[in-house]
$ cat run15.csv   # CSV, C-alpha atoms (C1' of nucleotides)
chain,number,residue,atom,x,y,z
A,1,MET,CA,-14.3,-33.8,18.3
A,2,SER,CA,-11.0,-32.7,19.9
A,3,ASP,CA,-11.0,-29.1,19.0
A,4,LYS,CA,-10.5,-27.6,22.4
A,5,LYS,CA,-11.3,-23.9,22.1
A,6,LEU,CA,-12.8,-21.8,19.4
A,7,VAL,CA,-11.4,-18.5,18.3
A,8,LYS,CA,-13.3,-15.6,16.7
A,9,ILE,CA,-11.0,-14.5,13.9
A,10,ASP,CA,-10.7,-10.8,13.8
A,11,ARG,CA,-8.7,-8.6,11.4
A,12,THR,CA,-5.4,-9.3,13.2
A,13,ASP,CA,-5.8,-13.0,13.1
A,14,ARG,CA,-6.6,-12.8,9.5
A,15,ARG,CA,-3.3,-10.9,8.9
A,16,ILE,CA,-1.4,-13.4,10.9
A,17,LEU,CA,-2.8,-16.3,8.9
A,18,GLU,CA,-2.2,-14.5,5.7
A,19,GLU,CA,1.5,-14.1,6.6
A,20,LEU,CA,2.0,-17.5,7.9
A,21,GLN,CA,0.4,-19.2,5.0
A,22,HIS,CA,3.1,-17.9,2.7
A,23,HIS,CA,6.0,-17.4,5.2
A,24,GLY,CA,6.1,-20.2,7.7
A,25,GLU,CA,9.8,-19.4,8.3
A,26,LEU,CA,9.1,-16.1,10.0
A,27,THR,CA,10.2,-15.7,13.6
A,28,ASN,CA,7.5,-14.5,16.0
A,29,GLN,CA,8.9,-11.0,16.2
A,30,GLN,CA,9.2,-10.7,12.5
A,31,LEU,CA,5.6,-11.7,12.3
A,32,SER,CA,4.6,-9.4,15.1
A,33,GLU,CA,5.9,-6.3,13.4
A,34,ARG,CA,4.3,-7.3,10.0
A,35,VAL,CA,0.9,-7.5,11.6
A,36,GLY,CA,1.5,-4.5,13.8
A,37,LEU,CA,1.6,-6.1,17.2
A,38,SER,CA,4.2,-6.6,19.9
A,39,PRO,CA,5.8,-10.1,20.2
A,40,SER,CA,3.9,-11.4,23.2
A,41,PRO,CA,0.2,-11.0,22.1
A,42,CYS,CA,1.3,-12.2,18.6
A,43,SER,CA,2.7,-15.4,20.0
A,44,ARG,CA,-0.4,-15.9,22.1
A,45,ARG,CA,-2.6,-15.5,19.1
A,46,VAL,CA,-0.6,-18.0,17.1
A,47,ARG,CA,-0.8,-20.5,19.8
A,48,ALA,CA,-4.6,-20.0,20.1
A,49,LEU,CA,-4.9,-20.6,16.4
A,50,GLU,CA,-3.0,-23.8,16.8
A,51,ASP,CA,-5.0,-25.0,19.7
A,52,ALA,CA,-8.2,-24.2,17.9
A,53,GLY,CA,-7.0,-26.4,15.0
A,54,ILE,CA,-7.2,-23.5,12.5
A,55,ILE,CA,-3.5,-23.9,12.0
A,56,LEU,CA,-3.2,-27.5,11.1
A,57,ARG,CA,0.5,-28.0,10.6
A,58,ARG,CA,3.8,-26.5,9.4
A,59,VAL,CA,5.5,-28.1,6.4
A,60,THR,CA,8.6,-27.6,4.3
A,61,VAL,CA,8.3,-27.5,0.5
A,62,LEU,CA,11.1,-29.1,-1.5
A,63,ASP,CA,12.2,-28.5,-5.0
A,64,HIS,CA,11.2,-31.6,-7.0
A,65,LYS,CA,13.4,-30.8,-9.9
A,66,GLN,CA,16.5,-30.7,-7.9
A,67,LEU,CA,15.6,-34.0,-6.3
A,68,GLY,CA,15.3,-35.7,-9.7
A,69,LEU,CA,11.5,-35.9,-9.6
A,70,SER,CA,10.7,-34.2,-12.9
A,71,LEU,CA,7.4,-35.8,-13.8
A,72,THR,CA,4.1,-34.8,-12.2
A,73,ALA,CA,1.0,-36.6,-13.4
A,74,ILE,CA,-2.7,-35.9,-13.0
A,75,ILE,CA,-4.6,-39.2,-13.0
A,76,LEU,CA,-8.4,-39.6,-13.3
A,77,ILE,CA,-9.6,-43.0,-12.2
A,78,GLY,CA,-12.9,-44.6,-12.5
A,79,MET,CA,-14.2,-47.6,-10.5
A,80,ASP,CA,-16.2,-50.4,-11.8
A,81,ARG,CA,-18.6,-50.6,-8.8
A,82,HIS,CA,-19.5,-47.8,-6.5
A,83,THR,CA,-19.5,-49.8,-3.2
A,84,PRO,CA,-18.0,-48.7,0.1
A,85,GLU,CA,-15.8,-51.8,0.1
A,86,ARG,CA,-14.3,-50.9,-3.3
A,87,PHE,CA,-13.7,-47.3,-2.3
A,88,GLY,CA,-12.2,-48.3,1.1
A,89,ALA,CA,-9.8,-50.8,-0.4
A,90,PHE,CA,-8.7,-48.4,-3.1
A,91,GLU,CA,-8.1,-45.6,-0.6
A,92,SER,CA,-6.2,-47.6,1.9
A,93,ARG,CA,-3.9,-48.9,-0.8
A,94,VAL,CA,-3.3,-45.5,-2.4
A,95,ALA,CA,-2.5,-44.1,1.0
A,96,THR,CA,0.6,-46.3,1.2
A,97,TYR,CA,2.1,-45.0,-2.1
A,98,PRO,CA,4.5,-42.2,-1.4
A,99,GLU,CA,4.3,-41.0,-5.0
A,100,VAL,CA,0.8,-39.8,-4.4
A,101,GLN,CA,0.7,-36.3,-3.2
A,102,GLU,CA,-3.0,-35.8,-3.5
A,103,CYS,CA,-6.0,-38.1,-3.8
A,104,TYR,CA,-9.6,-36.9,-3.9
A,105,LEU,CA,-12.9,-38.6,-4.3
A,106,ILE,CA,-14.7,-36.4,-6.8
A,107,THR,CA,-18.0,-35.9,-8.4
A,108,GLY,CA,-18.6,-36.5,-12.1
A,109,GLN,CA,-19.4,-39.4,-14.4
A,110,ASP,CA,-16.0,-39.6,-16.0
A,111,ALA,CA,-14.0,-40.3,-12.9
A,112,ASP,CA,-14.3,-41.2,-9.2
A,113,TYR,CA,-10.8,-40.2,-8.1
A,114,MET,CA,-8.3,-37.6,-9.0
A,115,LEU,CA,-4.7,-38.2,-8.1
A,116,LYS,CA,-1.6,-36.1,-8.3
A,117,VAL,CA,1.5,-38.3,-8.6
A,118,VAL,CA,5.2,-37.4,-8.6
A,119,VAL,CA,7.8,-39.7,-10.1
A,120,PRO,CA,11.3,-39.3,-11.6
A,121,ASP,CA,10.4,-40.0,-15.2
A,122,MET,CA,8.1,-41.8,-17.6
A,123,ASP,CA,9.7,-45.2,-17.0
A,124,HIS,CA,8.9,-44.9,-13.3
A,125,TYR,CA,5.4,-43.6,-14.1
A,126,HIS,CA,4.8,-46.6,-16.3
A,127,ALA,CA,5.9,-48.9,-13.5
A,128,PHE,CA,3.8,-47.0,-11.0
A,129,LEU,CA,0.7,-47.4,-13.1
A,130,LEU,CA,1.3,-51.1,-13.8
A,131,ASN,CA,2.5,-52.2,-10.4
A,132,LYS,CA,0.5,-50.0,-8.1
A,133,ILE,CA,-2.6,-48.5,-9.7
A,134,THR,CA,-4.0,-51.1,-12.1
A,135,ARG,CA,-3.3,-53.8,-9.5
A,136,ILE,CA,-6.0,-52.4,-7.2
A,137,GLN,CA,-9.3,-54.2,-7.4
A,138,GLY,CA,-12.1,-52.2,-8.9
A,139,VAL,CA,-10.0,-49.8,-11.0
A,140,SER,CA,-11.7,-49.8,-14.4
A,141,GLY,CA,-10.7,-46.6,-16.2
A,142,VAL,CA,-7.4,-44.6,-16.0
A,143,HIS,CA,-6.7,-41.4,-17.7
A,144,SER,CA,-3.3,-39.7,-17.4
A,145,SER,CA,-2.3,-36.1,-18.0
A,146,PHE,CA,1.1,-34.7,-17.4
A,147,VAL,CA,2.1,-31.3,-16.0
A,148,LEU,CA,3.9,-29.2,-18.5
A,149,ARG,CA,4.1,-26.0,-16.4
A,150,ARG,CA,3.2,-25.1,-12.9
A,151,VAL,CA,1.5,-21.8,-13.1
A,152,ILE,CA,0.4,-21.8,-9.5
A,153,ASP,CA,1.4,-24.4,-6.9
A,154,SER,CA,0.3,-23.2,-3.5
A,155,THR,CA,-1.3,-24.3,-0.3
A,156,ALA,CA,-2.7,-20.9,0.6
A,157,LEU,CA,-6.4,-20.5,1.2
A,158,PRO,CA,-8.3,-17.4,0.1
A,159,LEU,CA,-8.9,-15.4,3.3
A,160,GLY,CA,-10.8,-12.6,1.6
A,161,TYR,CA,-14.2,-14.3,2.3
A,162,LEU,CA,-13.8,-14.0,6.1
B,1,MET,CA,20.7,-19.5,-12.5
B,2,SER,CA,21.0,-18.3,-8.9
B,3,ASP,CA,21.5,-21.6,-7.2
B,4,LYS,CA,24.7,-20.9,-5.3
B,5,LYS,CA,26.0,-24.2,-4.1
B,6,LEU,CA,25.1,-27.7,-4.8
B,7,VAL,CA,24.8,-30.4,-2.2
B,8,LYS,CA,25.2,-34.1,-2.6
B,9,ILE,CA,22.3,-35.6,-0.7
B,10,ASP,CA,23.5,-38.4,1.6
B,11,ARG,CA,21.4,-40.6,3.9
B,12,THR,CA,21.4,-38.0,6.6
B,13,ASP,CA,20.2,-35.2,4.4
B,14,ARG,CA,17.4,-37.5,3.1
B,15,ARG,CA,16.3,-38.2,6.7
B,16,ILE,CA,16.4,-34.5,7.4
B,17,LEU,CA,14.2,-33.7,4.4
B,18,GLU,CA,11.9,-36.5,5.2
B,19,GLU,CA,11.3,-35.1,8.7
B,20,LEU,CA,11.0,-31.5,7.6
B,21,GLN,CA,8.5,-32.3,4.8
B,22,HIS,CA,6.0,-33.5,7.4
B,23,HIS,CA,7.1,-31.6,10.5
B,24,GLY,CA,8.2,-28.1,9.6
B,25,GLU,CA,7.5,-27.0,13.2
B,26,LEU,CA,10.3,-29.0,14.6
B,27,THR,CA,13.1,-27.1,16.5
B,28,ASN,CA,16.6,-27.8,15.3
B,29,GLN,CA,17.5,-29.9,18.3
B,30,GLN,CA,14.3,-32.0,18.0
B,31,LEU,CA,15.2,-32.5,14.4
B,32,SER,CA,18.8,-33.3,15.3
B,33,GLU,CA,17.9,-36.1,17.6
B,34,ARG,CA,15.4,-37.6,15.2
B,35,VAL,CA,18.1,-37.9,12.5
B,36,GLY,CA,20.8,-38.9,14.9
B,37,LEU,CA,23.0,-35.9,14.9
B,38,SER,CA,24.1,-33.2,17.3
B,39,PRO,CA,22.4,-29.8,16.9
B,40,SER,CA,25.2,-27.9,15.2
B,41,PRO,CA,25.9,-30.1,12.1
B,42,CYS,CA,22.1,-30.5,11.8
B,43,SER,CA,21.6,-26.8,11.6
B,44,ARG,CA,24.5,-26.5,9.1
B,45,ARG,CA,23.0,-29.1,6.9
B,46,VAL,CA,19.6,-27.5,6.9
B,47,ARG,CA,21.1,-24.2,5.9
B,48,ALA,CA,23.1,-25.8,3.1
B,49,LEU,CA,19.9,-27.4,1.8
B,50,GLU,CA,18.2,-24.0,1.9
B,51,ASP,CA,21.1,-22.3,0.2
B,52,ALA,CA,21.1,-24.9,-2.5
B,53,GLY,CA,17.4,-24.3,-3.1
B,54,ILE,CA,16.4,-27.8,-2.3
B,55,ILE,CA,14.4,-26.5,0.5
B,56,LEU,CA,12.2,-24.0,-1.3
B,57,ARG,CA,10.1,-22.5,1.5
B,58,ARG,CA,8.2,-23.1,4.8
B,59,VAL,CA,4.5,-22.8,4.8
B,60,THR,CA,1.6,-23.1,7.3
B,61,VAL,CA,-1.3,-25.2,6.4
B,62,LEU,CA,-4.7,-24.0,7.5
B,63,ASP,CA,-8.0,-25.9,8.1
B,64,HIS,CA,-10.3,-24.8,5.2
B,65,LYS,CA,-13.4,-26.2,7.0
B,66,GLN,CA,-12.9,-24.0,10.1
B,67,LEU,CA,-12.4,-21.0,7.9
B,68,GLY,CA,-15.7,-21.5,6.1
B,69,LEU,CA,-14.1,-22.7,2.9
B,70,SER,CA,-16.0,-25.9,2.4
B,71,LEU,CA,-16.0,-26.3,-1.3
B,72,THR,CA,-13.0,-27.5,-3.3
B,73,ALA,CA,-13.3,-27.8,-7.1
B,74,ILE,CA,-11.2,-29.5,-9.7
B,75,ILE,CA,-11.7,-27.6,-13.0
B,76,LEU,CA,-10.5,-28.8,-16.4
B,77,ILE,CA,-10.2,-25.9,-18.9
B,78,GLY,CA,-9.8,-26.0,-22.7
B,79,MET,CA,-8.5,-23.1,-24.8
B,80,ASP,CA,-9.8,-22.3,-28.3
B,81,ARG,CA,-6.5,-21.4,-29.7
B,82,HIS,CA,-3.1,-22.8,-28.6
B,83,THR,CA,-1.1,-19.6,-29.0
B,84,PRO,CA,1.4,-18.2,-26.5
B,85,GLU,CA,-0.6,-15.0,-26.2
B,86,ARG,CA,-3.7,-16.9,-25.2
B,87,PHE,CA,-1.8,-19.0,-22.6
B,88,GLY,CA,0.1,-16.0,-21.3
B,89,ALA,CA,-3.1,-13.9,-20.9
B,90,PHE,CA,-4.9,-16.8,-19.2
B,91,GLU,CA,-2.1,-17.5,-16.8
B,92,SER,CA,-1.5,-13.9,-15.7
B,93,ARG,CA,-5.2,-13.5,-15.0
B,94,VAL,CA,-5.5,-16.8,-13.1
B,95,ALA,CA,-2.5,-15.9,-11.0
B,96,THR,CA,-4.4,-13.0,-9.5
B,97,TYR,CA,-7.3,-15.1,-8.3
B,98,PRO,CA,-6.7,-16.1,-4.6
B,99,GLU,CA,-9.2,-18.9,-4.9
B,100,VAL,CA,-6.9,-20.8,-7.2
B,101,GLN,CA,-4.5,-23.0,-5.2
B,102,GLU,CA,-3.1,-24.9,-8.1
B,103,CYS,CA,-3.0,-24.2,-11.9
B,104,TYR,CA,-1.1,-26.6,-14.2
B,105,LEU,CA,-0.7,-26.6,-17.9
B,106,ILE,CA,-1.3,-30.2,-18.8
B,107,THR,CA,-1.1,-32.6,-21.7
B,108,GLY,CA,-4.2,-34.2,-23.2
B,109,GLN,CA,-6.8,-33.4,-25.9
B,110,ASP,CA,-9.6,-32.9,-23.4
B,111,ALA,CA,-8.1,-30.0,-21.5
B,112,ASP,CA,-5.2,-27.6,-21.4
B,113,TYR,CA,-5.3,-26.5,-17.8
B,114,MET,CA,-6.2,-28.1,-14.5
B,115,LEU,CA,-7.2,-25.9,-11.6
B,116,LYS,CA,-7.8,-26.5,-8.0
B,117,VAL,CA,-10.1,-23.9,-6.5
B,118,VAL,CA,-11.3,-23.3,-3.0
B,119,VAL,CA,-14.5,-21.3,-2.2
B,120,PRO,CA,-17.0,-21.1,0.6
B,121,ASP,CA,-19.9,-22.8,-1.2
B,122,MET,CA,-21.7,-23.4,-4.5
B,123,ASP,CA,-23.0,-19.8,-4.8
B,124,HIS,CA,-19.5,-18.5,-4.6
B,125,TYR,CA,-18.3,-21.1,-7.0
B,126,HIS,CA,-20.9,-20.1,-9.5
B,127,ALA,CA,-19.9,-16.5,-9.2
B,128,PHE,CA,-16.2,-17.4,-9.5
B,129,LEU,CA,-16.8,-19.3,-12.8
B,130,LEU,CA,-19.0,-16.6,-14.3
B,131,ASN,CA,-17.0,-13.5,-13.2
B,132,LYS,CA,-13.5,-14.8,-13.3
B,133,ILE,CA,-13.0,-17.9,-15.4
B,134,THR,CA,-15.4,-17.6,-18.3
B,135,ARG,CA,-14.5,-13.9,-18.7
B,136,ILE,CA,-10.9,-14.8,-19.7
B,137,GLN,CA,-10.3,-14.6,-23.5
B,138,GLY,CA,-9.8,-18.0,-25.1
B,139,VAL,CA,-11.5,-20.2,-22.5
B,140,SER,CA,-13.7,-22.5,-24.6
B,141,GLY,CA,-14.5,-25.6,-22.5
B,142,VAL,CA,-14.9,-25.8,-18.7
B,143,HIS,CA,-15.5,-29.0,-16.8
B,144,SER,CA,-16.0,-28.9,-13.1
B,145,SER,CA,-15.7,-31.7,-10.5
B,146,PHE,CA,-16.0,-31.3,-6.7
B,147,VAL,CA,-14.1,-32.8,-3.9
B,148,LEU,CA,-16.2,-35.2,-1.9
B,149,ARG,CA,-13.4,-36.5,0.3
B,150,ARG,CA,-9.7,-35.7,0.8
B,151,VAL,CA,-8.0,-39.1,0.9
B,152,ILE,CA,-4.5,-37.7,0.7
B,153,ASP,CA,-3.6,-34.0,0.7
B,154,SER,CA,0.1,-33.5,1.1
B,155,THR,CA,3.0,-31.6,-0.3
B,156,ALA,CA,5.6,-34.3,0.5
B,157,LEU,CA,7.7,-35.6,-2.3
B,158,PRO,CA,8.7,-39.3,-2.5
B,159,LEU,CA,12.3,-39.5,-1.4
B,160,GLY,CA,12.6,-43.2,-1.9
B,161,TYR,CA,14.0,-42.8,-5.4
B,162,LEU,CA,17.2,-40.9,-4.2
C,1,DC,C1',52.2,-44.1,5.3
C,2,DA,C1',51.8,-39.1,5.8
C,3,DG,C1',49.3,-34.9,4.7
C,4,DG,C1',45.0,-32.5,3.9
C,5,DC,C1',40.1,-32.0,3.7
C,6,DG,C1',35.6,-32.4,5.4
C,7,DG,C1',32.3,-33.4,8.8
C,8,DC,C1',31.1,-34.0,13.8
C,9,DG,C1',30.7,-32.6,18.6
C,10,DC,C1',31.5,-29.3,22.4
C,11,DA,C1',31.2,-25.0,24.6
C,12,DA,C1',30.1,-20.1,24.7
C,13,DT,C1',27.6,-16.3,23.0
C,14,DG,C1',23.8,-14.0,21.3
C,15,DT,C1',19.1,-14.0,19.7
C,16,DG,C1',14.5,-14.9,20.1
C,17,DC,C1',10.6,-17.1,22.7
C,18,DT,C1',7.7,-17.3,26.9
C,19,DT,C1',5.4,-16.0,31.1
C,20,DG,C1',3.7,-12.9,34.9
C,21,DC,C1',2.2,-8.5,35.7
C,22,DT,C1',0.6,-3.7,34.7
C,23,DT,C1',-1.7,-0.6,31.6
C,24,DT,C1',-4.8,0.4,28.0
C,25,DT,C1',-8.6,-0.4,25.2
C,26,DT,C1',-12.9,-2.3,24.1
C,27,DT,C1',-17.6,-4.0,25.2
C,28,DG,C1',-21.9,-4.2,27.6
C,29,DC,C1',-25.3,-2.3,30.3
C,30,DA,C1',-27.7,1.2,32.8
D,1,DT,C1',-23.6,8.8,27.2
D,2,DG,C1',-20.9,7.3,31.0
D,3,DC,C1',-19.2,3.7,34.1
D,4,DA,C1',-17.6,-0.8,35.1
D,5,DA,C1',-15.9,-5.3,33.9
D,6,DA,C1',-13.3,-8.1,30.9
D,7,DA,C1',-10.2,-8.9,27.4
D,8,DA,C1',-6.2,-7.8,24.9
D,9,DA,C1',-1.7,-5.2,24.4
D,10,DG,C1',2.8,-3.9,26.2
D,11,DC,C1',6.8,-4.5,29.3
D,12,DA,C1',10.5,-6.8,31.5
D,13,DA,C1',12.8,-10.8,33.2
D,14,DG,C1',14.0,-15.6,32.9
D,15,DC,C1',14.9,-19.3,29.9
D,16,DA,C1',15.3,-22.1,25.9
D,17,DC,C1',17.1,-22.5,21.5
D,18,DA,C1',20.0,-21.4,17.5
D,19,DT,C1',24.5,-20.1,15.9
D,20,DT,C1',29.5,-19.7,15.5
D,21,DG,C1',34.4,-20.8,16.5
D,22,DC,C1',37.4,-24.4,17.6
D,23,DG,C1',39.5,-28.9,18.3
D,24,DC,C1',39.1,-33.8,17.1
D,25,DC,C1',38.5,-37.7,14.3
D,26,DG,C1',37.8,-40.3,10.1
D,27,DC,C1',38.5,-40.7,5.2
D,28,DC,C1',40.4,-40.0,0.9
D,29,DT,C1',44.5,-39.0,-1.8
D,30,DG,C1',49.1,-38.8,-3.3

$ encode --input "run15.csv" --output "C-alpha cells"
Amino acid sequence: MSDKKLVKIDRTDRRILEELQHHGELTNQQLSERVGLSPSPCSRRVRALEDAGIILRRVTVLDHKQLGLSLTAIILIGMDRHTPERFGAFESRVATYPEVQECYLITGQDADYMLKVVVPDMDHYHAFLLNKITRIQGVSGVHSSFVLRRVIDSTALPLGYL
Amino acid sequence: MSDKKLVKIDRTDRRILEELQHHGELTNQQLSERVGLSPSPCSRRVRALEDAGIILRRVTVLDHKQLGLSLTAIILIGMDRHTPERFGAFESRVATYPEVQECYLITGQDADYMLKVVVPDMDHYHAFLLNKITRIQGVSGVHSSFVLRRVIDSTALPLGYL
DNA sequence: CAGGCGGCGCAATGTGCTTGCTTTTTTGCA
DNA sequence: TGCAAAAAAGCAAGCACATTGCGCCGCCTG
C-alpha cells in the first residue's frame, strides 16, 4: 500500500473532518476557529489527514437541474453468468460511460449491479440503455427506477461511530 | 427563486466545471492554466458560476474504510399507504439519520424509496434497521443489498450533453 | 463603418497559507 | 504523585495566492 503515515483520530480531527465533509470551501482560518484551534496546527492536521489518505479528494458539486440533466435513474442489472470475465468486461465498459455516477457490485439474487445514471431526459435514457447497457455482453436483466425526489443526496460519512 | 443571475455556459465554463468536478482542491491559477485562461477571468467565471447556483457546494470526500465504516448497504423500502403524511413523516425521520448518505423517492411497484447507508459492520446495520428504519410508521417492505465492490463512486455530472 | 458592450490580461493590493521557533500541555514512568 | 520527555499549540515573519481596478481588444449592432 501507499498510505504513508497513520493518524490516530482524536476529537479535534473528528471535528475537522465533520466540517470539511460539508464545507469544503472553508479557508483554513475559518476552519480553525470552528474547531477551536489556531490556524497553524489546524493546517498541519489537515495535511496529515490528506497524507494518511483519510481525506481522499475535494470535489465540486454541480446543480444537475440547471445543467439540463433532469433525469436520474436507478438501474438494477443482472448478469447471465457469474464469471470474473463477465464482471470484468462489464465494469470496464461501464467505467467509460460519463452518465454513470455510481456503479456497485451488490449482493442479492435479483441483481448483480446497481447503477445511478444521470441524463437529460427519457429520450436520452432510452438511448443510453439501448446503445450502452444492453450492448454489454452478459447483461440479462435490467430494471429501471427513476428519481422523483432527492430527500438526501450527500457524500458525508457518519463520524459518530469513531 | 433566489438564483440571482443566469450564465450562458460556453466552452470555457464547461472546461472549468469539468476540472472542478473532479479536482476541487485546485488553486485558481492552477485551474486557469488548465483551461487556458489567465487567473483573473478564471476567478470571475468561477464566482459567476457560484452566484448562478450552478456550482452548488464544495465537499471533502473521506475514506470510509480507514474510518472503520466498512459496510455500505442499498435498501429498497416500500410504504403501506401512499399518502403525503406517510411520506413526509418518513422523510423527516430519515433526514436525521447520519448513516443515510442518499435517500430518493423513486418510481416502481417494488419500492418507494432507495437508501444508501454506511455503517461499521453487520451488527450496526442490524441495529440501524431495527431501531431506525422499521420503527418509522408506514414502512411495510424492506429489501437490503450490500456493496461488494465500488466500481464507480463519483459526484461528477456528464457535461457532454451541453 | 462607427459606437458600445463584454471579456481578457496586466499590475497592485490585500488576504490567507506556510514554516521555524518558543511555549504549553500531555503522557509515561518511577 | 511528581518529574522528564515528547508532542502539540501558538506566534510571527515570509511568501504565495486571490482579488480588484483599469486599459485594451474583439465582436456585435445599428

$ residues_around --input "run15.csv" --residues "stretch 111-119 of chain A" --least-positions-apart "5" --cutoff "6 Å" --atoms "only C-alpha atoms (C1' of nucleotides)" --output "list in words"
Leu69, Leu71, Thr72, Ala73, Ile74, Ile75, Leu76, Ile77, Gly78, Glu99, Val100, Gln101, Glu102, Cys103, Tyr104, Leu105 and Ile106 of chain A

$ atom_distance --input "run15.csv" --atom1 "atom CA of B:Gly141" --atom2 "atom CA of A:Tyr125"
28.1 Å

$ interface_residues --input "run15.csv" --of "chain B" --to "chain D" --cutoff "8 Å" --atoms "all atoms listed in the file" --output "ChimeraX atom specification"
/B:27-28,40

$ closest_residue --input "run15.csv" --among "B:Val35, B:Leu159, B:Val142, B:Val46" --to "chain A" --atoms "all atoms listed in the file"
B:Leu159

$ interface_residues --input "run15.csv" --of "chain A" --to "chain B" --cutoff "8 Å" --atoms "all atoms listed in the file" --output "ChimeraX atom specification"
/A:20-25,53-64,66-68,91,95,98-108,118-120,145-158,161-162

$ interface_residues --input "run15.csv" --of "chain B" --to "chain C" --cutoff "9 Å" --atoms "all atoms listed in the file" --output "VMD selection string"
chain B and resid 37 to 41

$ atom_distance --input "run15.csv" --atom1 "atom CA of B:Thr134" --atom2 "atom CA of B:Phe90"
10.6 Å

$ decode --input "run15.csv" --residues "stretch 30-36 of chain A" --atoms "all heavy atoms" --output "PDB file, in the first residue's frame"
ATOM      1  N   GLN A  30     -10.942  29.984   8.746  1.00  0.00           N
ATOM      2  CA  GLN A  30     -12.347  29.772   9.101  1.00  0.00           C
ATOM      3  C   GLN A  30     -12.517  28.432   9.785  1.00  0.00           C
ATOM      4  O   GLN A  30     -13.184  28.316  10.814  1.00  0.00           O
ATOM      5  CB  GLN A  30     -13.222  29.818   7.842  1.00  0.00           C
ATOM      6  CG  GLN A  30     -13.417  31.202   7.257  1.00  0.00           C
ATOM      7  CD  GLN A  30     -14.183  31.152   5.943  1.00  0.00           C
ATOM      8  OE1 GLN A  30     -14.013  30.232   5.154  1.00  0.00           O
ATOM      9  NE2 GLN A  30     -15.004  32.159   5.704  1.00  0.00           N
ATOM     10  N   LEU A  31     -11.904  27.407   9.192  1.00  0.00           N
ATOM     11  CA  LEU A  31     -11.965  26.065   9.780  1.00  0.00           C
ATOM     12  C   LEU A  31     -11.365  26.049  11.173  1.00  0.00           C
ATOM     13  O   LEU A  31     -11.927  25.465  12.104  1.00  0.00           O
ATOM     14  CB  LEU A  31     -11.223  25.082   8.877  1.00  0.00           C
ATOM     15  CG  LEU A  31     -11.102  23.645   9.381  1.00  0.00           C
ATOM     16  CD1 LEU A  31     -12.470  22.994   9.506  1.00  0.00           C
ATOM     17  CD2 LEU A  31     -10.205  22.832   8.464  1.00  0.00           C
ATOM     18  N   SER A  32     -10.222  26.711  11.329  1.00  0.00           N
ATOM     19  CA  SER A  32      -9.521  26.671  12.608  1.00  0.00           C
ATOM     20  C   SER A  32     -10.361  27.252  13.735  1.00  0.00           C
ATOM     21  O   SER A  32     -10.385  26.713  14.841  1.00  0.00           O
ATOM     22  CB  SER A  32      -8.192  27.418  12.496  1.00  0.00           C
ATOM     23  OG  SER A  32      -8.410  28.803  12.310  1.00  0.00           O
ATOM     24  N   GLU A  33     -11.085  28.334  13.456  1.00  0.00           N
ATOM     25  CA  GLU A  33     -11.883  28.901  14.550  1.00  0.00           C
ATOM     26  C   GLU A  33     -13.144  28.077  14.806  1.00  0.00           C
ATOM     27  O   GLU A  33     -13.661  28.083  15.918  1.00  0.00           O
ATOM     28  CB  GLU A  33     -12.208  30.378  14.275  1.00  0.00           C
ATOM     29  CG  GLU A  33     -13.034  30.652  13.058  1.00  0.00           C
ATOM     30  CD  GLU A  33     -13.112  32.160  12.775  1.00  0.00           C
ATOM     31  OE1 GLU A  33     -12.117  32.874  13.008  1.00  0.00           O
ATOM     32  OE2 GLU A  33     -14.176  32.608  12.307  1.00  0.00           O
ATOM     33  N   ARG A  34     -13.624  27.368  13.788  1.00  0.00           N
ATOM     34  CA  ARG A  34     -14.784  26.494  14.021  1.00  0.00           C
ATOM     35  C   ARG A  34     -14.439  25.308  14.914  1.00  0.00           C
ATOM     36  O   ARG A  34     -15.279  24.814  15.663  1.00  0.00           O
ATOM     37  CB  ARG A  34     -15.324  25.960  12.686  1.00  0.00           C
ATOM     38  CG  ARG A  34     -16.060  27.005  11.878  1.00  0.00           C
ATOM     39  CD  ARG A  34     -16.945  26.355  10.838  1.00  0.00           C
ATOM     40  NE  ARG A  34     -17.555  27.353   9.967  1.00  0.00           N
ATOM     41  CZ  ARG A  34     -18.606  27.103   9.198  1.00  0.00           C
ATOM     42  NH1 ARG A  34     -19.135  25.894   9.179  1.00  0.00           N
ATOM     43  NH2 ARG A  34     -19.115  28.046   8.443  1.00  0.00           N
ATOM     44  N   VAL A  35     -13.220  24.814  14.789  1.00  0.00           N
ATOM     45  CA  VAL A  35     -12.834  23.652  15.596  1.00  0.00           C
ATOM     46  C   VAL A  35     -12.077  24.062  16.851  1.00  0.00           C
ATOM     47  O   VAL A  35     -11.657  23.196  17.622  1.00  0.00           O
ATOM     48  CB  VAL A  35     -11.987  22.654  14.773  1.00  0.00           C
ATOM     49  CG1 VAL A  35     -12.747  22.205  13.550  1.00  0.00           C
ATOM     50  CG2 VAL A  35     -10.655  23.264  14.385  1.00  0.00           C
ATOM     51  N   GLY A  36     -11.898  25.383  17.044  1.00  0.00           N
ATOM     52  CA  GLY A  36     -11.251  25.856  18.259  1.00  0.00           C
ATOM     53  C   GLY A  36      -9.762  25.628  18.287  1.00  0.00           C
ATOM     54  O   GLY A  36      -9.222  25.038  19.218  1.00  0.00           O
TER      55      GLY A  36
END
